[in-house]
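*Asks:* Pasting in a structure now, in structure tokens, and then I'll have a few things to ask.
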Amino acid sequence: MLTIDEATRDAIVAHARRDHPDEACGVVAGAEGSDLPTRFVPMLNAAMSPTFYEFDSSDLLQLYKDMDARDEEPVIVYHSHTATEAYPSRTDISYANEPGAHYVLVSTRETGPADGPYELRSFRIVDGEVTEEEIDVVEAYTQ
Amino acid sequence: MAIEVRVPTILRTYTGGEKAVQTSGGTLAEAIDALEADHTGLRDRLLDDGQVRKFINVYVNDEDVRFSGGMQTPLSDGDTVVILPAVAGG
């Protein structure tokens with residue numbers, strides 16, 4: 001199960017809307033072993049594409065150095081689908097290299113950049129196996 | 001000659017869980033060969049046909065080796081090699 005606070009969830013959705021029709025992507029880092037996503041880090045989609053996303057190579061290095069320095073890990077790796085459902089594509093599965101992360105997908109296909117209904121789902125992707133998980137949205141983390 | 005190699009989570013099964021390991025070599029190619037000698041199977045996860053796999057990033061002293069000489073990137077004592085899988089999808 002993914003536990004996420006409202007502010008972080010809203011930030012992910014806002015980023016997805018802002019970058020629509022291109023895919024938005026980013027990470028929510030958290031203390032190692034905590035499984036709590038606390039530090040929202042929107043990333044640039046270097047592919048700037050409605051069907052693909054990729055962190056820029058030097059941004060990626062900086063991100064991991066920052067997390068390392070703070071004893072953090074990527075608790076969530078998120079991205080949006082702008083014309084399809086919020087379910088990992090074959091490409092998503094083949095590139096998924098963080099077995100400990102929650103892969104969060106947002107779909108903006110219904111309303112695009114506008115407010116309104118959206119789809120947000122969370123998955124584990126390990127060795128090519130996709131498992132959907134429940135999302136527990138909390139007002140704030142108690143721990 | 002000591003080179004530090006930072007290993008991503010997904011490849012730590014090859015390093016007994018270690019985040020960083022030491023290796024040696026005058027070029028990235030030599031360092032990866034030396035790494036393979038201690039951590040069998042790692043080279044195959046990094047290279048395809050002798051080149052860095054498309055969705056693996058390798059940095060020498062913060063420089064992506066795609067832009068700095070690839071497998072022939074020179075290494076010297078105290079250099080740091082960082083391996084990171086690309087974060088990408090569709």
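Letters A, B, ... mark the chains of the structure tokens in the order given; residue numbers begin at 1 per chain; ligand numbers begin at 1, in order shown.
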For segment 116-125 of chain A, please output as a list in words all residues within 6 Å (counting only C-alpha atoms; exclusion window: fewer than 3 positions along the same chain).

*Replies:*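 Surrounding residues, per the criterion: His102, Tyr103, Val104, Leu105, Val106, Ser107, Thr108, Glu129, Val130, Thr131, Glu132 and Glu133 of chain A.
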
*Asks:* Taking only C-alpha atoms into account, what are the residues of chain A at most 10 Å from chain B, put as a tab-separated table (two decimals) with all heavy atoms, in the first residue's frame?

*Replies:*
```tsv
chain	number	residue	atom	x	y	z
A	23	GLU	N	3.93	14.30	-21.30
A	23	GLU	CA	3.98	13.54	-20.05
A	23	GLU	C	4.82	14.31	-19.03
A	23	GLU	O	5.86	14.86	-19.37
A	23	GLU	CB	4.58	12.14	-20.30
A	23	GLU	CG	3.68	11.27	-21.15
A	23	GLU	CD	4.07	9.79	-21.14
A	23	GLU	OE1	4.95	9.40	-20.35
A	23	GLU	OE2	3.47	9.03	-21.93
A	25	CYS	N	6.84	14.06	-15.25
A	25	CYS	CA	7.50	13.00	-14.49
A	25	CYS	C	8.25	13.58	-13.31
A	25	CYS	O	8.57	14.77	-13.28
A	25	CYS	CB	8.46	12.22	-15.38
A	25	CYS	SG	9.72	13.23	-16.21
A	26	GLY	N	8.50	12.74	-12.34
A	26	GLY	CA	9.25	13.19	-11.16
A	26	GLY	C	9.36	12.10	-10.13
A	26	GLY	O	9.00	10.94	-10.36
A	27	VAL	N	9.85	12.53	-8.97
A	27	VAL	CA	10.12	11.62	-7.88
A	27	VAL	C	9.56	12.25	-6.61
A	27	VAL	O	9.49	13.47	-6.50
A	27	VAL	CB	11.65	11.39	-7.78
A	27	VAL	CG1	12.07	10.97	-6.40
A	27	VAL	CG2	12.13	10.40	-8.83
A	45	ASN	N	10.80	16.52	-18.22
A	45	ASN	CA	10.76	15.42	-19.17
A	45	ASN	C	11.64	15.79	-20.36
A	45	ASN	O	11.25	16.56	-21.22
A	45	ASN	CB	9.31	15.16	-19.62
A	45	ASN	CG	9.23	14.07	-20.68
A	45	ASN	OD1	10.24	13.48	-21.05
A	45	ASN	ND2	8.02	13.80	-21.16
A	46	ALA	N	12.85	15.21	-20.38
A	46	ALA	CA	13.82	15.57	-21.41
A	46	ALA	C	13.32	15.18	-22.80
A	46	ALA	O	13.75	15.74	-23.81
A	46	ALA	CB	15.17	14.93	-21.13
A	47	ALA	N	12.39	14.22	-22.85
A	47	ALA	CA	11.84	13.78	-24.14
A	47	ALA	C	10.78	14.76	-24.65
A	47	ALA	O	10.47	14.78	-25.84
A	47	ALA	CB	11.26	12.38	-24.01
A	49	SER	N	7.54	14.83	-24.65
A	49	SER	CA	6.73	14.06	-25.56
A	49	SER	C	5.42	13.66	-24.91
A	49	SER	O	5.36	13.47	-23.69
A	49	SER	CB	7.53	12.78	-25.93
A	49	SER	OG	6.66	11.78	-26.41
A	50	PRO	N	4.35	13.53	-25.69
A	50	PRO	CA	3.08	13.06	-25.14
A	50	PRO	C	3.05	11.54	-24.94
A	50	PRO	O	2.09	11.02	-24.37
A	50	PRO	CB	2.05	13.49	-26.19
A	50	PRO	CG	2.82	13.65	-27.44
A	50	PRO	CD	4.24	13.98	-27.08
A	51	THR	N	4.08	10.84	-25.41
A	51	THR	CA	4.06	9.38	-25.30
A	51	THR	C	5.31	8.79	-24.66
A	51	THR	O	5.47	7.58	-24.58
A	51	THR	CB	3.92	8.73	-26.70
A	51	THR	OG1	4.99	9.21	-27.53
A	51	THR	CG2	2.59	9.05	-27.33
A	52	PHE	N	6.23	9.64	-24.19
A	52	PHE	CA	7.47	9.13	-23.61
A	52	PHE	C	7.96	10.11	-22.56
A	52	PHE	O	7.71	11.31	-22.66
A	52	PHE	CB	8.54	8.97	-24.72
A	52	PHE	CG	9.74	8.17	-24.29
A	52	PHE	CD1	9.65	6.79	-24.11
A	52	PHE	CD2	10.96	8.79	-24.05
A	52	PHE	CE1	10.76	6.05	-23.70
A	52	PHE	CE2	12.08	8.06	-23.64
A	52	PHE	CZ	11.97	6.69	-23.47
A	53	TYR	N	8.62	9.58	-21.53
A	53	TYR	CA	9.29	10.49	-20.60
A	53	TYR	C	10.66	9.94	-20.28
A	53	TYR	O	10.90	8.73	-20.33
A	53	TYR	CB	8.48	10.69	-19.32
A	53	TYR	CG	8.59	9.55	-18.32
A	53	TYR	CD1	9.52	9.61	-17.27
A	53	TYR	CD2	7.78	8.43	-18.43
A	53	TYR	CE1	9.63	8.57	-16.36
A	53	TYR	CE2	7.88	7.39	-17.52
A	53	TYR	CZ	8.81	7.46	-16.48
A	53	TYR	OH	8.92	6.43	-15.59
A	54	GLU	N	11.56	10.85	-19.95
A	54	GLU	CA	12.91	10.46	-19.60
A	54	GLU	C	13.54	11.59	-18.80
A	54	GLU	O	13.49	12.75	-19.21
A	54	GLU	CB	13.72	10.20	-20.88
A	54	GLU	CG	15.11	9.70	-20.60
A	54	GLU	CD	15.86	9.30	-21.86
A	54	GLU	OE1	15.49	9.80	-22.95
A	54	GLU	OE2	16.80	8.50	-21.76
A	55	PHE	N	14.15	11.24	-17.65
A	55	PHE	CA	14.88	12.26	-16.90
A	55	PHE	C	16.15	12.58	-17.69
A	55	PHE	O	16.79	11.68	-18.23
A	55	PHE	CB	15.30	11.74	-15.52
A	55	PHE	CG	14.18	11.49	-14.54
A	55	PHE	CD1	12.85	11.61	-14.91
A	55	PHE	CD2	14.48	11.14	-13.23
A	55	PHE	CE1	11.82	11.36	-13.99
A	55	PHE	CE2	13.46	10.90	-12.30
A	55	PHE	CZ	12.14	11.00	-12.68
A	56	ASP	N	16.51	13.85	-17.74
A	56	ASP	CA	17.77	14.26	-18.34
A	56	ASP	C	18.91	13.61	-17.56
A	56	ASP	O	18.87	13.52	-16.33
A	56	ASP	CB	17.86	15.79	-18.27
A	56	ASP	CG	19.24	16.27	-18.67
A	56	ASP	OD1	19.53	16.25	-19.87
A	56	ASP	OD2	20.02	16.64	-17.77
A	57	SER	N	19.95	13.19	-18.28
A	57	SER	CA	21.04	12.44	-17.66
A	57	SER	C	21.75	13.20	-16.52
A	57	SER	O	22.03	12.64	-15.47
A	57	SER	CB	22.01	12.02	-18.77
A	57	SER	OG	23.32	11.97	-18.32
A	58	SER	N	21.98	14.50	-16.71
A	58	SER	CA	22.66	15.22	-15.62
A	58	SER	C	21.70	15.54	-14.48
A	58	SER	O	22.10	15.55	-13.30
A	58	SER	CB	23.40	16.45	-16.12
A	58	SER	OG	22.58	17.20	-16.94
A	60	LEU	N	19.38	13.54	-13.55
A	60	LEU	CA	19.27	12.25	-12.86
A	60	LEU	C	20.41	12.08	-11.86
A	60	LEU	O	20.20	11.70	-10.70
A	60	LEU	CB	19.30	11.13	-13.90
A	60	LEU	CG	19.27	9.70	-13.37
A	60	LEU	CD1	17.88	9.34	-12.89
A	60	LEU	CD2	19.72	8.71	-14.44
A	61	LEU	N	21.62	12.42	-12.31
A	61	LEU	CA	22.77	12.30	-11.42
A	61	LEU	C	22.63	13.23	-10.22
A	61	LEU	O	22.84	12.82	-9.07
A	61	LEU	CB	24.06	12.62	-12.19
A	61	LEU	CG	25.35	12.57	-11.36
A	61	LEU	CD1	25.61	11.16	-10.84
A	61	LEU	CD2	26.54	13.06	-12.17
A	62	GLN	N	22.21	14.46	-10.48
A	62	GLN	CA	22.05	15.43	-9.39
A	62	GLN	C	21.00	14.95	-8.39
A	62	GLN	O	21.17	15.04	-7.18
A	62	GLN	CB	21.66	16.79	-9.98
A	62	GLN	CG	21.80	17.93	-8.99
A	62	GLN	CD	23.20	18.03	-8.37
A	62	GLN	OE1	24.19	18.02	-9.09
A	62	GLN	NE2	23.29	18.06	-7.05
A	64	TYR	N	20.08	11.88	-7.67
A	64	TYR	CA	20.55	10.77	-6.83
A	64	TYR	C	21.63	11.23	-5.85
A	64	TYR	O	21.72	10.71	-4.74
A	64	TYR	CB	21.01	9.59	-7.70
A	64	TYR	CG	19.83	8.71	-8.04
A	64	TYR	CD1	18.94	9.06	-9.06
A	64	TYR	CD2	19.54	7.56	-7.31
A	64	TYR	CE1	17.83	8.28	-9.35
A	64	TYR	CE2	18.43	6.77	-7.59
A	64	TYR	CZ	17.58	7.14	-8.61
A	64	TYR	OH	16.47	6.37	-8.87
A	65	LYS	N	22.43	12.22	-6.24
A	65	LYS	CA	23.42	12.75	-5.30
A	65	LYS	C	22.72	13.47	-4.14
A	65	LYS	O	23.10	13.31	-2.98
A	65	LYS	CB	24.36	13.73	-6.02
A	65	LYS	CG	25.34	13.03	-6.92
A	65	LYS	CD	26.11	14.03	-7.74
A	65	LYS	CE	27.47	14.27	-7.14
A	65	LYS	NZ	28.32	15.09	-8.03
A	73	GLU	N	15.65	7.90	-0.39
A	73	GLU	CA	15.51	7.05	-1.57
A	73	GLU	C	14.26	7.50	-2.33
A	73	GLU	O	13.43	8.21	-1.78
A	73	GLU	CB	15.44	5.57	-1.16
A	73	GLU	CG	14.30	5.25	-0.22
A	73	GLU	CD	14.42	3.86	0.39
A	73	GLU	OE1	15.38	3.14	0.08
A	73	GLU	OE2	13.54	3.51	1.19
A	77	VAL	N	8.13	7.06	-7.87
A	77	VAL	CA	8.51	7.54	-9.20
A	77	VAL	C	7.18	7.74	-9.93
A	77	VAL	O	6.42	6.80	-10.08
A	77	VAL	CB	9.38	6.52	-9.96
A	77	VAL	CG1	9.70	7.02	-11.37
A	77	VAL	CG2	10.67	6.22	-9.19
A	79	HIS	N	4.70	9.46	-13.17
A	79	HIS	CA	4.60	10.11	-14.47
A	79	HIS	C	3.16	10.09	-14.93
A	79	HIS	O	2.32	9.41	-14.33
A	79	HIS	CB	5.54	9.48	-15.51
A	79	HIS	CG	5.09	8.18	-16.08
A	79	HIS	ND1	5.17	6.99	-15.40
A	79	HIS	CD2	4.56	7.87	-17.30
A	79	HIS	CE1	4.71	6.01	-16.18
A	79	HIS	NE2	4.34	6.51	-17.33
A	80	SER	N	2.88	10.89	-15.94
A	80	SER	CA	1.50	10.96	-16.41
A	80	SER	C	1.34	10.29	-17.75
A	80	SER	O	2.30	10.16	-18.52
A	80	SER	CB	1.06	12.44	-16.51
A	80	SER	OG	1.83	13.11	-17.50
A	81	HIS	N	0.13	9.84	-17.98
A	81	HIS	CA	-0.31	9.44	-19.32
A	81	HIS	C	-1.34	10.46	-19.73
A	81	HIS	O	-2.25	10.77	-18.96
A	81	HIS	CB	-0.93	8.03	-19.29
A	81	HIS	CG	0.10	6.93	-19.20
A	81	HIS	ND1	-0.24	5.62	-19.03
A	81	HIS	CD2	1.45	6.96	-19.27
A	81	HIS	CE1	0.87	4.88	-19.00
A	81	HIS	NE2	1.91	5.68	-19.13
A	88	PRO	N	0.66	1.09	-16.14
A	88	PRO	CA	1.98	1.03	-16.75
A	88	PRO	C	1.96	0.43	-18.16
A	88	PRO	O	1.38	-0.63	-18.37
A	88	PRO	CB	2.79	0.13	-15.80
A	88	PRO	CG	2.07	0.18	-14.51
A	88	PRO	CD	0.62	0.38	-14.84
A	89	SER	N	2.58	1.14	-19.09
A	89	SER	CA	2.68	0.64	-20.46
A	89	SER	C	3.80	-0.40	-20.52
A	89	SER	O	4.58	-0.54	-19.58
A	89	SER	CB	3.00	1.80	-21.40
A	89	SER	OG	4.29	2.31	-21.09
A	90	ARG	N	3.90	-1.05	-21.65
A	90	ARG	CA	4.98	-2.03	-21.82
A	90	ARG	C	6.35	-1.34	-21.66
A	90	ARG	O	7.26	-1.89	-21.08
A	90	ARG	CB	4.87	-2.68	-23.20
A	90	ARG	CG	4.77	-4.19	-23.08
A	90	ARG	CD	4.72	-4.86	-24.43
A	90	ARG	NE	3.63	-4.34	-25.25
A	90	ARG	CZ	3.48	-4.60	-26.53
A	90	ARG	NH1	4.37	-5.36	-27.16
A	90	ARG	NH2	2.46	-4.12	-27.22
A	91	THR	N	6.43	-0.13	-22.19
A	91	THR	CA	7.68	0.62	-22.05
A	91	THR	C	7.97	0.92	-20.58
A	91	THR	O	9.10	0.77	-20.11
A	91	THR	CB	7.58	1.95	-22.84
A	91	THR	OG1	6.85	1.71	-24.03
A	91	THR	CG2	8.92	2.52	-23.15
A	92	ASP	N	6.93	1.35	-19.86
A	92	ASP	CA	7.12	1.63	-18.42
A	92	ASP	C	7.68	0.40	-17.70
A	92	ASP	O	8.57	0.52	-16.85
A	92	ASP	CB	5.78	1.98	-17.76
A	92	ASP	CG	5.21	3.30	-18.27
A	92	ASP	OD1	6.00	4.15	-18.71
A	92	ASP	OD2	3.97	3.46	-18.21
A	93	ILE	N	7.15	-0.74	-18.05
A	93	ILE	CA	7.55	-1.97	-17.35
A	93	ILE	C	9.00	-2.32	-17.69
A	93	ILE	O	9.79	-2.66	-16.82
A	93	ILE	CB	6.60	-3.13	-17.73
A	93	ILE	CG1	5.18	-2.81	-17.24
A	93	ILE	CG2	7.09	-4.45	-17.13
A	93	ILE	CD1	4.10	-3.66	-17.86
A	94	SER	N	9.35	-2.16	-18.96
A	94	SER	CA	10.71	-2.55	-19.34
A	94	SER	C	11.77	-1.63	-18.75
A	94	SER	O	12.90	-2.02	-18.56
A	94	SER	CB	10.85	-2.67	-20.86
A	94	SER	OG	10.68	-1.42	-21.45
A	95	TYR	N	11.41	-0.39	-18.43
A	95	TYR	CA	12.39	0.53	-17.88
A	95	TYR	C	12.34	0.64	-16.36
A	95	TYR	O	13.10	1.40	-15.78
A	95	TYR	CB	12.21	1.95	-18.43
A	95	TYR	CG	12.39	2.11	-19.92
A	95	TYR	CD1	12.48	1.03	-20.76
A	95	TYR	CD2	12.48	3.39	-20.45
A	95	TYR	CE1	12.63	1.20	-22.13
A	95	TYR	CE2	12.64	3.57	-21.81
A	95	TYR	CZ	12.71	2.47	-22.64
A	95	TYR	OH	12.88	2.65	-23.99
A	96	ALA	N	11.43	-0.06	-15.74
A	96	ALA	CA	11.26	0.10	-14.29
A	96	ALA	C	12.43	-0.54	-13.54
A	96	ALA	O	12.59	-1.76	-13.54
A	96	ALA	CB	9.95	-0.53	-13.86
A	97	ASN	N	13.26	0.29	-12.94
A	97	ASN	CA	14.49	-0.20	-12.32
A	97	ASN	C	14.60	0.12	-10.84
A	97	ASN	O	15.68	0.08	-10.27
A	97	ASN	CB	15.70	0.38	-13.04
A	97	ASN	CG	16.11	-0.48	-14.22
A	97	ASN	OD1	16.22	-1.70	-14.09
A	97	ASN	ND2	16.30	0.13	-15.37
A	98	GLU	N	13.49	0.49	-10.22
A	98	GLU	CA	13.50	0.76	-8.79
A	98	GLU	C	12.51	-0.18	-8.11
A	98	GLU	O	11.36	0.18	-7.87
A	98	GLU	CB	13.14	2.23	-8.50
A	98	GLU	CG	14.25	3.23	-8.81
A	98	GLU	CD	15.45	3.13	-7.87
A	98	GLU	OE1	15.43	2.31	-6.91
A	98	GLU	OE2	16.42	3.87	-8.09
A	99	PRO	N	12.95	-1.40	-7.79
A	99	PRO	CA	12.01	-2.39	-7.25
A	99	PRO	C	11.40	-1.97	-5.91
A	99	PRO	O	10.34	-2.46	-5.53
A	99	PRO	CB	12.87	-3.65	-7.09
A	99	PRO	CG	14.28	-3.19	-7.17
A	99	PRO	CD	14.30	-1.93	-7.96
A	100	GLY	N	12.05	-1.03	-5.22
A	100	GLY	CA	11.52	-0.59	-3.92
A	100	GLY	C	10.54	0.57	-4.04
A	100	GLY	O	9.92	0.98	-3.05
A	126	VAL	N	8.26	-5.12	-10.33
A	126	VAL	CA	9.45	-5.88	-9.93
A	126	VAL	C	9.67	-7.00	-10.94
A	126	VAL	O	8.76	-7.83	-11.14
A	126	VAL	CB	9.29	-6.45	-8.51
A	126	VAL	CG1	10.54	-7.24	-8.11
A	126	VAL	CG2	9.00	-5.36	-7.49
```

*Asks:* Between B:Thr80, B:Gln22, B:Arg66, B:Leu47, which has the minimum distance to Leu35 of chain B (counting only C-alpha atoms)?

*Replies:* B:Gln22

*Asks:* Which distance in Å separates atom CA of Ala101 of chain A and atom CA of Leu2 of chain A, to one decimal?

*Replies:* 9.8 Å

*Asks:* Please identify all polymer residues within 12 Å of Leu75 of chain B, counting only C-alpha atoms, omitting same-chain residues fewer than 2 positions from it, and present them as a PyMOL selection string.

*Replies:* chain B and resi 1-5+23-32+59-61+65+68-73+77-81

*Asks:* Using backbone DSSP assignments, extract all alpha helix (DSSP H) residues from chain B; output them as a PyMOL selection string.

*Replies:* chain B and resi 28-38+42-46

*Asks:* Which residue is closest to Asp44 of chain B? Choose from B:Tyr14, B:Ala20, B:Ser76, B:Arg6 and count only C-alpha atoms.

*Replies:*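 The answer is B:Tyr14, which sits nearest to Asp44 of chain B.
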
*Asks:* What does the distance between atom CA of Arg109 of chain A and atom CA of Thr84 of chain A come to in Å, to one decimal place?

*Replies:* 6.2 Å
